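Peer 1: Input file: data_23.csv. Contents: CSV, N, CA and C atoms.
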chain,number,residue,atom,x,y,z
A,14,MET,N,-5.8,3.9,35.2
A,14,MET,CA,-4.5,4.4,35.4
A,14,MET,C,-3.8,3.3,36.1
A,15,THR,N,-2.6,3.0,35.7
A,15,THR,CA,-1.7,2.0,36.3
A,15,THR,C,-0.4,2.6,36.8
A,16,ARG,N,-0.3,2.6,38.1
A,16,ARG,CA,0.9,3.2,38.7
A,16,ARG,C,1.2,4.6,38.3
A,17,GLY,N,0.2,5.4,38.2
A,17,GLY,CA,0.3,6.8,37.8
A,17,GLY,C,0.4,7.0,36.3
A,18,VAL,N,0.4,6.0,35.5
A,18,VAL,CA,0.5,6.1,34.0
A,18,VAL,C,-0.9,5.9,33.5
A,19,PRO,N,-1.5,7.0,32.8
A,19,PRO,CA,-2.8,6.8,32.3
A,19,PRO,C,-2.8,5.8,31.1
A,20,ILE,N,-3.9,5.0,31.1
A,20,ILE,CA,-4.0,4.0,30.0
A,20,ILE,C,-4.8,4.6,28.9
A,21,GLU,N,-4.2,4.6,27.7
A,21,GLU,CA,-4.9,5.2,26.6
A,21,GLU,C,-6.0,4.3,26.1
A,22,PRO,N,-7.1,4.8,25.7
A,22,PRO,CA,-8.2,3.9,25.2
A,22,PRO,C,-7.7,3.4,23.8
A,23,GLU,N,-8.2,2.3,23.4
A,23,GLU,CA,-7.9,1.8,22.0
A,23,GLU,C,-8.4,2.8,21.0
A,24,LEU,N,-7.6,3.1,20.0
A,24,LEU,CA,-7.9,4.0,19.0
A,24,LEU,C,-8.9,3.5,18.0
A,25,VAL,N,-9.9,4.2,17.8
A,25,VAL,CA,-11.0,3.8,16.9
A,25,VAL,C,-11.2,4.8,15.8
A,26,ILE,N,-11.2,4.4,14.5
A,26,ILE,CA,-11.4,5.3,13.4
A,26,ILE,C,-12.9,5.1,13.0
A,27,ASP,N,-13.3,6.0,12.2
A,27,ASP,CA,-14.7,5.9,11.7
A,27,ASP,C,-14.9,4.5,11.0
A,28,PRO,N,-16.0,3.8,11.4
A,28,PRO,CA,-16.2,2.5,10.9
A,28,PRO,C,-16.3,2.4,9.4
A,29,GLU,N,-16.8,3.4,8.8
A,29,GLU,CA,-16.9,3.4,7.3
A,29,GLU,C,-15.5,3.5,6.7
A,30,LYS,N,-14.7,4.4,7.2
A,30,LYS,CA,-13.3,4.5,6.8
A,30,LYS,C,-12.5,3.2,7.0
A,31,HIS,N,-12.7,2.7,8.2
A,31,HIS,CA,-12.0,1.4,8.5
A,31,HIS,C,-12.4,0.3,7.5
A,32,GLN,N,-13.7,0.2,7.2
A,32,GLN,CA,-14.1,-0.8,6.2
A,32,GLN,C,-13.5,-0.6,4.8
A,33,LYS,N,-13.5,0.7,4.4
A,33,LYS,CA,-12.9,1.0,3.1
A,33,LYS,C,-11.4,0.7,3.1
A,34,ILE,N,-10.7,1.1,4.1
A,34,ILE,CA,-9.3,0.8,4.2
A,34,ILE,C,-9.0,-0.6,4.2
A,35,GLU,N,-9.8,-1.4,4.8
A,35,GLU,CA,-9.7,-2.9,4.8
A,35,GLU,C,-9.9,-3.4,3.4
A,36,GLN,N,-10.9,-2.9,2.6
A,36,GLN,CA,-11.1,-3.3,1.2
A,36,GLN,C,-9.9,-2.9,0.4
A,37,LEU,N,-9.3,-1.8,0.6
A,37,LEU,CA,-8.1,-1.3,-0.1
A,37,LEU,C,-6.9,-2.2,0.2
A,38,ARG,N,-6.9,-2.6,1.5
A,38,ARG,CA,-5.8,-3.5,2.0
A,38,ARG,C,-5.8,-4.8,1.3
A,39,ARG,N,-7.0,-5.4,1.1
A,39,ARG,CA,-7.2,-6.6,0.4
A,39,ARG,C,-6.7,-6.5,-1.1
A,40,ILE,N,-7.0,-5.4,-1.7
A,40,ILE,CA,-6.5,-5.2,-3.1
A,40,ILE,C,-5.0,-5.0,-3.1
A,41,ALA,N,-4.4,-4.3,-2.2
A,41,ALA,CA,-3.0,-4.1,-2.1
A,41,ALA,C,-2.3,-5.5,-1.8
A,42,GLU,N,-2.9,-6.3,-1.0
A,42,GLU,CA,-2.4,-7.6,-0.7
A,42,GLU,C,-2.4,-8.5,-2.0
A,43,LEU,N,-3.4,-8.4,-2.8
A,43,LEU,CA,-3.5,-9.1,-4.0
A,43,LEU,C,-2.4,-8.7,-5.0
A,44,LEU,N,-2.1,-7.4,-5.0
A,44,LEU,CA,-1.1,-6.8,-5.9
A,44,LEU,C,0.3,-7.1,-5.4
A,45,ASP,N,0.5,-7.1,-4.1
A,45,ASP,CA,1.9,-7.2,-3.5
A,45,ASP,C,2.3,-8.4,-2.8
A,46,GLY,N,1.3,-9.2,-2.3
A,46,GLY,CA,1.7,-10.3,-1.5
A,46,GLY,C,0.8,-11.5,-1.5
A,47,GLN,N,0.1,-11.8,-2.5
A,47,GLN,CA,-0.8,-12.9,-2.6
A,47,GLN,C,-0.2,-14.2,-2.6
A,48,PHE,N,1.0,-14.3,-3.1
A,48,PHE,CA,1.7,-15.6,-3.3
A,48,PHE,C,3.0,-15.6,-2.5
A,49,ARG,N,3.5,-16.8,-2.2
A,49,ARG,CA,4.7,-17.0,-1.5
A,49,ARG,C,5.5,-18.1,-2.2
A,50,ILE,N,6.8,-17.9,-2.4
A,50,ILE,CA,7.7,-18.9,-3.0
A,50,ILE,C,7.9,-20.0,-1.9
A,51,PRO,N,7.5,-21.2,-2.2
A,51,PRO,CA,7.6,-22.3,-1.2
A,51,PRO,C,9.0,-22.4,-0.5
A,52,GLY,N,9.0,-22.5,0.8
A,52,GLY,CA,10.2,-22.7,1.5
A,52,GLY,C,11.0,-21.4,1.8
A,53,THR,N,10.3,-20.3,1.4
A,53,THR,CA,11.0,-19.0,1.7
A,53,THR,C,10.0,-18.0,2.3
A,54,ASP,N,10.5,-16.8,2.7
A,54,ASP,CA,9.6,-15.8,3.1
A,54,ASP,C,9.3,-14.8,2.0
A,55,ILE,N,9.7,-15.1,0.8
A,55,ILE,CA,9.5,-14.2,-0.3
A,55,ILE,C,8.1,-14.2,-0.8
A,56,GLU,N,7.4,-13.1,-0.7
A,56,GLU,CA,6.0,-12.9,-1.2
A,56,GLU,C,6.0,-12.0,-2.4
A,57,PHE,N,5.0,-12.3,-3.3
A,57,PHE,CA,4.8,-11.4,-4.5
A,57,PHE,C,3.4,-11.5,-4.8
A,58,GLY,N,3.0,-10.6,-5.7
A,58,GLY,CA,1.6,-10.5,-6.0
A,58,GLY,C,1.4,-10.3,-7.5
A,59,LEU,N,0.2,-9.9,-7.9
A,59,LEU,CA,-0.1,-9.7,-9.3
A,59,LEU,C,0.8,-8.6,-9.9
A,60,ASP,N,1.2,-7.7,-9.1
A,60,ASP,CA,2.1,-6.6,-9.6
A,60,ASP,C,3.4,-7.2,-10.2
A,61,ALA,N,4.0,-8.2,-9.6
A,61,ALA,CA,5.2,-8.8,-10.1
A,61,ALA,C,4.9,-9.7,-11.3
A,62,ILE,N,3.8,-10.3,-11.3
A,62,ILE,CA,3.4,-11.2,-12.5
A,62,ILE,C,3.1,-10.3,-13.7
A,63,ILE,N,2.2,-9.4,-13.5
A,63,ILE,CA,1.8,-8.5,-14.7
A,63,ILE,C,3.0,-7.7,-15.1
A,64,GLY,N,3.8,-7.3,-14.2
A,64,GLY,CA,5.0,-6.5,-14.5
A,64,GLY,C,6.0,-7.2,-15.4
A,65,LEU,N,5.9,-8.5,-15.6
A,65,LEU,CA,6.7,-9.3,-16.5
A,65,LEU,C,6.5,-8.9,-17.9
A,66,VAL,N,5.3,-8.4,-18.2
A,66,VAL,CA,4.9,-8.0,-19.6
A,66,VAL,C,5.7,-6.7,-19.9
A,67,PRO,N,6.6,-6.7,-20.8
A,67,PRO,CA,7.4,-5.5,-21.1
A,67,PRO,C,6.6,-4.3,-21.4
A,68,GLY,N,7.0,-3.2,-20.8
A,68,GLY,CA,6.4,-1.9,-21.1
A,68,GLY,C,5.0,-1.7,-20.4
A,69,ILE,N,4.0,-2.4,-20.9
A,69,ILE,CA,2.7,-2.2,-20.5
A,69,ILE,C,2.3,-2.8,-19.1
A,70,GLY,N,3.0,-3.8,-18.7
A,70,GLY,CA,2.7,-4.4,-17.4
A,70,GLY,C,2.8,-3.5,-16.2
A,71,ASP,N,3.9,-2.8,-16.2
A,71,ASP,CA,4.1,-1.8,-15.1
A,71,ASP,C,3.1,-0.6,-15.2
A,72,LEU,N,2.8,-0.3,-16.4
A,72,LEU,CA,1.8,0.8,-16.5
A,72,LEU,C,0.4,0.4,-16.0
A,73,ILE,N,0.0,-0.8,-16.3
A,73,ILE,CA,-1.3,-1.4,-15.8
A,73,ILE,C,-1.3,-1.4,-14.3
A,74,CYS,N,-0.2,-1.9,-13.7
A,74,CYS,CA,-0.2,-2.0,-12.2
A,74,CYS,C,-0.1,-0.6,-11.6
A,75,GLY,N,0.7,0.3,-12.3
A,75,GLY,CA,0.7,1.7,-11.8
A,75,GLY,C,-0.6,2.3,-11.8
A,76,GLY,N,-1.4,2.0,-12.8
A,76,GLY,CA,-2.8,2.6,-12.9
A,76,GLY,C,-3.7,2.1,-11.8
A,77,ILE,N,-3.5,0.8,-11.4
A,77,ILE,CA,-4.3,0.3,-10.3
A,77,ILE,C,-3.8,0.9,-9.0
A,78,SER,N,-2.5,1.1,-8.9
A,78,SER,CA,-2.0,1.7,-7.7
A,78,SER,C,-2.5,3.2,-7.5
A,79,MET,N,-2.6,3.9,-8.7
A,79,MET,CA,-3.1,5.3,-8.6
A,79,MET,C,-4.6,5.3,-8.3
A,80,TRP,N,-5.3,4.3,-8.7
A,80,TRP,CA,-6.7,4.2,-8.3
A,80,TRP,C,-6.8,4.0,-6.7
A,81,LEU,N,-5.9,3.2,-6.1
A,81,LEU,CA,-5.9,3.1,-4.7
A,81,LEU,C,-5.6,4.4,-4.0
A,82,ILE,N,-4.7,5.2,-4.6
A,82,ILE,CA,-4.4,6.5,-4.1
A,82,ILE,C,-5.6,7.5,-4.2
A,83,ARG,N,-6.3,7.4,-5.3
A,83,ARG,CA,-7.5,8.2,-5.5
A,83,ARG,C,-8.5,7.9,-4.4
A,84,GLU,N,-8.7,6.6,-4.1
A,84,GLU,CA,-9.6,6.2,-3.1
A,84,GLU,C,-9.1,6.8,-1.7
A,85,ALA,N,-7.8,6.8,-1.5
A,85,ALA,CA,-7.3,7.4,-0.2
A,85,ALA,C,-7.7,8.8,-0.1
A,86,ARG,N,-7.6,9.5,-1.3
A,86,ARG,CA,-7.9,11.0,-1.3
A,86,ARG,C,-9.4,11.2,-1.0
A,87,ARG,N,-10.2,10.3,-1.6
A,87,ARG,CA,-11.7,10.3,-1.3
A,87,ARG,C,-12.0,10.1,0.1
A,88,LEU,N,-11.1,9.3,0.8
A,88,LEU,CA,-11.4,9.1,2.3
A,88,LEU,C,-10.9,10.3,3.1
A,89,GLY,N,-10.3,11.3,2.5
A,89,GLY,CA,-9.8,12.5,3.2
A,89,GLY,C,-8.4,12.5,3.5
A,90,ALA,N,-7.6,11.7,2.9
A,90,ALA,CA,-6.1,11.7,3.2
A,90,ALA,C,-5.6,13.1,2.8
A,91,PRO,N,-4.7,13.7,3.6
A,91,PRO,CA,-4.1,15.0,3.3
A,91,PRO,C,-3.1,14.9,2.1
A,92,ARG,N,-2.9,16.1,1.5
A,92,ARG,CA,-2.0,16.2,0.4
A,92,ARG,C,-0.6,15.6,0.6
A,93,TRP,N,0.0,15.9,1.8
A,93,TRP,CA,1.3,15.4,2.1
A,93,TRP,C,1.3,13.9,2.0
A,94,LEU,N,0.3,13.2,2.5
A,94,LEU,CA,0.2,11.8,2.5
A,94,LEU,C,0.0,11.2,1.1
A,95,ILE,N,-0.8,11.9,0.3
A,95,ILE,CA,-1.0,11.5,-1.1
A,95,ILE,C,0.3,11.6,-1.9
A,96,ALA,N,1.1,12.7,-1.6
A,96,ALA,CA,2.4,12.9,-2.3
A,96,ALA,C,3.3,11.8,-1.9
A,97,ARG,N,3.3,11.3,-0.7
A,97,ARG,CA,4.2,10.2,-0.3
A,97,ARG,C,3.8,8.9,-1.0
A,98,MET,N,2.5,8.7,-1.1
A,98,MET,CA,2.0,7.5,-1.7
A,98,MET,C,2.3,7.5,-3.2
A,99,VAL,N,2.2,8.7,-3.9
A,99,VAL,CA,2.5,8.8,-5.3
A,99,VAL,C,4.0,8.5,-5.5
A,100,TRP,N,4.8,9.0,-4.6
A,100,TRP,CA,6.3,8.7,-4.6
A,100,TRP,C,6.5,7.2,-4.6
A,101,ASN,N,5.9,6.5,-3.7
A,101,ASN,CA,6.1,5.1,-3.6
A,101,ASN,C,5.7,4.4,-4.9
A,102,VAL,N,4.6,4.8,-5.5
A,102,VAL,CA,4.2,4.2,-6.8
A,102,VAL,C,5.1,4.6,-7.9
A,103,ALA,N,5.6,5.9,-7.9
A,103,ALA,CA,6.5,6.4,-9.0
A,103,ALA,C,7.8,5.5,-9.0
A,104,VAL,N,8.3,5.2,-7.8
A,104,VAL,CA,9.5,4.4,-7.7
A,104,VAL,C,9.2,3.0,-8.3
A,105,ASP,N,8.1,2.4,-7.9
A,105,ASP,CA,7.7,1.1,-8.3
A,105,ASP,C,7.6,1.1,-9.9
A,106,VAL,N,6.9,2.0,-10.5
A,106,VAL,CA,6.7,2.0,-11.9
A,106,VAL,C,7.9,2.4,-12.7
A,107,SER,N,8.7,3.4,-12.2
A,107,SER,CA,9.9,3.8,-13.0
A,107,SER,C,11.0,2.7,-13.0
A,108,VAL,N,11.3,2.2,-11.8
A,108,VAL,CA,12.3,1.2,-11.7
A,108,VAL,C,11.8,-0.1,-12.2
A,109,GLY,N,10.5,-0.4,-12.1
A,109,GLY,CA,9.9,-1.6,-12.5
A,109,GLY,C,9.9,-1.7,-14.0
A,110,ALA,N,10.1,-0.6,-14.8
A,110,ALA,CA,10.2,-0.7,-16.2
A,110,ALA,C,11.6,-1.2,-16.7
A,111,VAL,N,12.5,-1.2,-15.8
A,111,VAL,CA,13.9,-1.7,-16.2
A,111,VAL,C,13.9,-3.2,-16.2
A,112,PRO,N,14.3,-3.8,-17.3
A,112,PRO,CA,14.3,-5.3,-17.4
A,112,PRO,C,15.1,-5.9,-16.3
A,113,VAL,N,14.7,-7.0,-15.8
A,113,VAL,CA,15.3,-7.8,-14.8
A,113,VAL,C,15.4,-7.1,-13.4
A,114,LEU,N,16.0,-5.9,-13.3
A,114,LEU,CA,16.1,-5.2,-12.1
A,114,LEU,C,14.7,-4.8,-11.7
A,115,GLY,N,13.8,-4.4,-12.6
A,115,GLY,CA,12.5,-4.0,-12.3
A,115,GLY,C,11.7,-5.2,-11.8
A,116,ASP,N,11.9,-6.4,-12.3
A,116,ASP,CA,11.2,-7.6,-11.9
A,116,ASP,C,11.6,-7.9,-10.5
A,117,MET,N,12.9,-7.8,-10.1
A,117,MET,CA,13.3,-8.0,-8.8
A,117,MET,C,12.7,-7.0,-7.8
A,118,LEU,N,12.6,-5.7,-8.3
A,118,LEU,CA,12.0,-4.7,-7.4
A,118,LEU,C,10.6,-4.9,-7.2
A,119,ASP,N,9.9,-5.5,-8.1
A,119,ASP,CA,8.4,-5.8,-8.0
A,119,ASP,C,8.2,-6.8,-6.8
A,120,VAL,N,9.2,-7.6,-6.6
A,120,VAL,CA,9.1,-8.6,-5.5
A,120,VAL,C,9.5,-7.9,-4.2
A,121,ALA,N,10.4,-7.0,-4.2
A,121,ALA,CA,11.0,-6.4,-3.0
A,121,ALA,C,10.2,-5.1,-2.5
A,122,TRP,N,9.9,-4.3,-3.5
A,122,TRP,CA,9.3,-3.0,-3.2
A,122,TRP,C,7.7,-3.1,-3.2
A,123,LYS,N,7.1,-3.1,-2.0
A,123,LYS,CA,5.7,-3.3,-1.9
A,123,LYS,C,5.0,-2.0,-1.8
A,124,ALA,N,4.9,-1.2,-2.8
A,124,ALA,CA,4.4,0.1,-2.8
A,124,ALA,C,2.9,0.2,-2.3
A,125,ASN,N,2.1,-0.8,-2.7
A,125,ASN,CA,0.7,-0.8,-2.3
A,125,ASN,C,0.6,-1.1,-0.9
A,126,ARG,N,1.3,-2.0,-0.4
A,126,ARG,CA,1.3,-2.4,1.0
A,126,ARG,C,1.7,-1.2,1.9
A,127,MET,N,2.8,-0.6,1.4
A,127,MET,CA,3.3,0.6,2.2
A,127,MET,C,2.3,1.7,2.2
A,128,ASN,N,1.6,1.9,1.1
A,128,ASN,CA,0.7,3.0,1.0
A,128,ASN,C,-0.5,2.8,1.9
A,129,ILE,N,-1.0,1.6,1.9
A,129,ILE,CA,-2.2,1.3,2.8
A,129,ILE,C,-1.8,1.3,4.2
A,130,GLU,N,-0.6,1.0,4.6
A,130,GLU,CA,-0.1,1.1,5.9
A,130,GLU,C,0.0,2.6,6.3
A,131,LEU,N,0.5,3.4,5.4
A,131,LEU,CA,0.6,4.9,5.7
A,131,LEU,C,-0.8,5.4,5.9
A,132,LEU,N,-1.8,5.0,5.1
A,132,LEU,CA,-3.1,5.5,5.2
A,132,LEU,C,-3.8,5.0,6.5
A,133,SER,N,-3.6,3.8,6.8
A,133,SER,CA,-4.2,3.3,8.0
A,133,SER,C,-3.6,4.0,9.3
A,134,ARG,N,-2.3,4.1,9.3
A,134,ARG,CA,-1.6,4.8,10.4
A,134,ARG,C,-2.1,6.3,10.5
A,135,HIS,N,-2.3,6.9,9.4
A,135,HIS,CA,-2.7,8.3,9.4
A,135,HIS,C,-4.1,8.4,10.1
A,136,PHE,N,-5.0,7.6,9.7
A,136,PHE,CA,-6.4,7.7,10.3
A,136,PHE,C,-6.4,7.3,11.7
A,137,LYS,N,-5.6,6.3,12.1
A,137,LYS,CA,-5.6,5.9,13.5
A,137,LYS,C,-5.0,7.1,14.3
A,138,MET,N,-3.9,7.7,13.8
A,138,MET,CA,-3.3,8.8,14.5
A,138,MET,C,-4.2,10.0,14.6
A,139,SER,N,-4.9,10.3,13.5
A,139,SER,CA,-5.7,11.5,13.5
A,139,SER,C,-7.0,11.3,14.4
A,140,SER,N,-7.3,10.1,14.7
A,140,SER,CA,-8.5,9.9,15.6
A,140,SER,C,-8.1,10.2,17.1
A,141,ARG,N,-6.8,10.3,17.4
A,141,ARG,CA,-6.3,10.7,18.7
A,141,ARG,C,-6.7,12.1,19.0
A,142,ARG,N,-6.7,13.0,18.0
A,142,ARG,CA,-6.8,14.4,18.2
A,142,ARG,C,-8.2,14.8,18.7
For this file, write the structure as structure tokens.

Peer 2:
Amino acid sequence: MTRGVPIEPELVIDPEKHQKIEQLRRIAELLDGQFRIPGTDIEFGLDAIIGLVPGIGDLICGGISMWLIREARRLGAPRWLIARMVWNVAVDVSVGAVPVLGDMLDVAWKANRMNIELLSRHFKMSSRR
């Protein structure tokens, strides 16, 4: 306790869940932020590169994103969180299918990063209870 304010212990999640989330984070990073345009803060990943293939590119990346969501569900993520994650991917895939605009979105909208952050925050918060 510091000046009457209790100090909260560091939040710890189940080590197995933590390890799995970190594995998923590495995959999300590969998809959304593996590369950087030199001299800028602009990051992109395989999602943006594969998404350049008309039609099928966004479907392939959407499939990988849905696999990440399935893994989140297997970790015990609640339905409301899964729905939010699916929404992020739906925006990515649907707008990503639009030529040029979709390619720009793939660089700006980091659905996989957002989803892993949501998942990580959920399990850290739920460990408080």

Peer 1: Just want the 6.5 Å neighbourhood of A:Asp60, counted on only N, CA and C atoms, with same-chain residues fewer than 6 positions away dropped. Output as a VMD selection string.

Peer 2: chain A and resid 43 to 45 74 119

Peer 1: For a test of reading the model, state the distance in Å between atom C of A:Ala96 and atom C of A:Leu118, rounded to one decimal.

Peer 2: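 Between atom C of A:Ala96 and atom C of A:Leu118 the gap works out to 19.0 Å.
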
Peer 1: Measuring atom to atom with only C-alpha atoms, identify which of A:Val99, A:Leu132, A:Val113, A:Met127 is nearest to A:Ala61.

Peer 2: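 The shortest atom-to-atom distance to A:Ala61 comes from A:Val113.
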
Peer 1: (-5.5, 13.6, 6.0) in this file's frame - what residues fall within 8 Å of it? Use only C-alpha atoms and give the answer as a compact mmCIF listing (two decimals) with N, CA and C atoms, in the coordinates of the input.

Peer 2:
# COMPACT_ATOMS: atom_id res chain seq x y z
N GLY A 89 -10.30 11.30 2.50
CA GLY A 89 -9.80 12.50 3.20
C GLY A 89 -8.40 12.50 3.50
N ALA A 90 -7.60 11.70 2.90
CA ALA A 90 -6.10 11.70 3.20
C ALA A 90 -5.60 13.10 2.80
N PRO A 91 -4.70 13.70 3.60
CA PRO A 91 -4.10 15.00 3.30
C PRO A 91 -3.10 14.90 2.10
N ARG A 92 -2.90 16.10 1.50
CA ARG A 92 -2.00 16.20 0.40
C ARG A 92 -0.60 15.60 0.60
N LEU A 94 0.30 13.20 2.50
CA LEU A 94 0.20 11.80 2.50
C LEU A 94 0.00 11.20 1.10
N HIS A 135 -2.30 6.90 9.40
CA HIS A 135 -2.70 8.30 9.40
C HIS A 135 -4.10 8.40 10.10
N PHE A 136 -5.00 7.60 9.70
CA PHE A 136 -6.40 7.70 10.30
C PHE A 136 -6.40 7.30 11.70
N SER A 139 -4.90 10.30 13.50
CA SER A 139 -5.70 11.50 13.50
C SER A 139 -7.00 11.30 14.40

Peer 1: Measuring atom to atom with only N, CA and C atoms, identify which of A:Leu114, A:Asn128, A:Gly109, A:Trp100 is nearest to A:Gly68.

Peer 2: A:Gly109

Peer 1: Just list the residues in chain A DSSP gives alpha helix (DSSP H) on the backbone, as JSON, numbers by chain.

Peer 2: {"A": [28, 29, 30, 31, 32, 33, 34, 35, 36, 37, 38, 39, 40, 41, 42, 43, 44, 45, 59, 60, 61, 62, 63, 69, 70, 71, 72, 73, 74, 75, 76, 77, 78, 79, 80, 81, 82, 83, 84, 85, 86, 87, 92, 93, 94, 95, 96, 97, 98, 99, 100, 101, 102, 103, 104, 105, 106, 107, 108, 109, 114, 115, 116, 117, 118, 119, 120, 121, 124, 125, 126, 127, 128, 129, 130, 131, 132, 133, 134, 135, 136, 137, 138, 139]}

Peer 1: Here is a test: counting all atoms listed in the file, which residue of A:Asp27, A:Lys33, A:Ala110, A:Arg39 is nearest to A:Gly70?

Peer 2: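 Answer, going by the shortest atom-to-atom distance: A:Ala110.
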
Peer 1: Go ahead and compute the interatomic distance for atom CA of A:Asp116 and atom CA of A:Gly52, in Å to one decimal.

Peer 2: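 Atom CA of A:Gly52 lies at a distance of 20.2 Å from atom CA of A:Asp116.
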
Peer 1: Could you tell me how far atom CA of A:Val111 lies from atom CA of A:Ile77, in Å and to one decimal?

Peer 2: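 Spanning atom CA of A:Val111 to atom CA of A:Ile77 is a straight-line distance of 19.2 Å.
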
Peer 1: May I have the residues within 6.5 Å of A:Arg126 as a short mmCIF file (atom, residue, chain, number, x, y, z; two decimals) with N, CA and C atoms, keeping the file's coordinate frame, using all atoms listed in the file and disregarding those fewer than 5 positions away in the same chain?

Peer 2:
data_model
loop_
_atom_site.label_atom_id
_atom_site.label_comp_id
_atom_site.auth_asym_id
_atom_site.auth_seq_id
_atom_site.Cartn_x
_atom_site.Cartn_y
_atom_site.Cartn_z
N ALA A 41 -4.40 -4.30 -2.20
CA ALA A 41 -3.00 -4.10 -2.10
C ALA A 41 -2.30 -5.50 -1.80
N GLU A 42 -2.90 -6.30 -1.00
CA GLU A 42 -2.40 -7.60 -0.70
C GLU A 42 -2.40 -8.50 -2.00
N ASP A 45 0.50 -7.10 -4.10
CA ASP A 45 1.90 -7.20 -3.50
C ASP A 45 2.30 -8.40 -2.80
N LEU A 131 0.50 3.40 5.40
CA LEU A 131 0.60 4.90 5.70
C LEU A 131 -0.80 5.40 5.90
#

Peer 1: Just the residues within 7 Å of A:Gly46, please, counting only N, CA and C atoms, with nothing from its chain fewer than 6 positions along; format it as a list in words.

Peer 2: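 Non-adjacent residues within range: Glu56, Phe57, Gly58, Leu59 and Asp60 of chain A.
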
Peer 1: Mind listing the strand (DSSP E or B) residues of chain A, per DSSP on the backbone, as an NGL selection string?

Peer 2: :A and (15 or 18 or 48-49 or 56-57)

Peer 1: Of the residues A:Arg86, A:Arg134, A:Gln47, A:Lys123, which is the one nearest to A:Asn101, using all atoms listed in the file?

Peer 2: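 Going through A:Arg86, A:Arg134, A:Gln47, A:Lys123 one by one, the smallest distance to A:Asn101 is for A:Lys123.
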
Peer 1: Could you tell me which of A:Met98, A:Val120, A:Ile63, A:Leu72 comes closest to A:Ala85 if we count only C-alpha atoms?

Peer 2: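 Looking only at the distances to A:Ala85, the closest residue turns out to be A:Met98.
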
Peer 1: Between A:Ile50, A:Val102, A:Val108, A:Leu88, which is the closest to A:Ile26 once you count only C-alpha atoms?

Peer 2: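 Ranked by minimum distance to A:Ile26, first place goes to A:Leu88.
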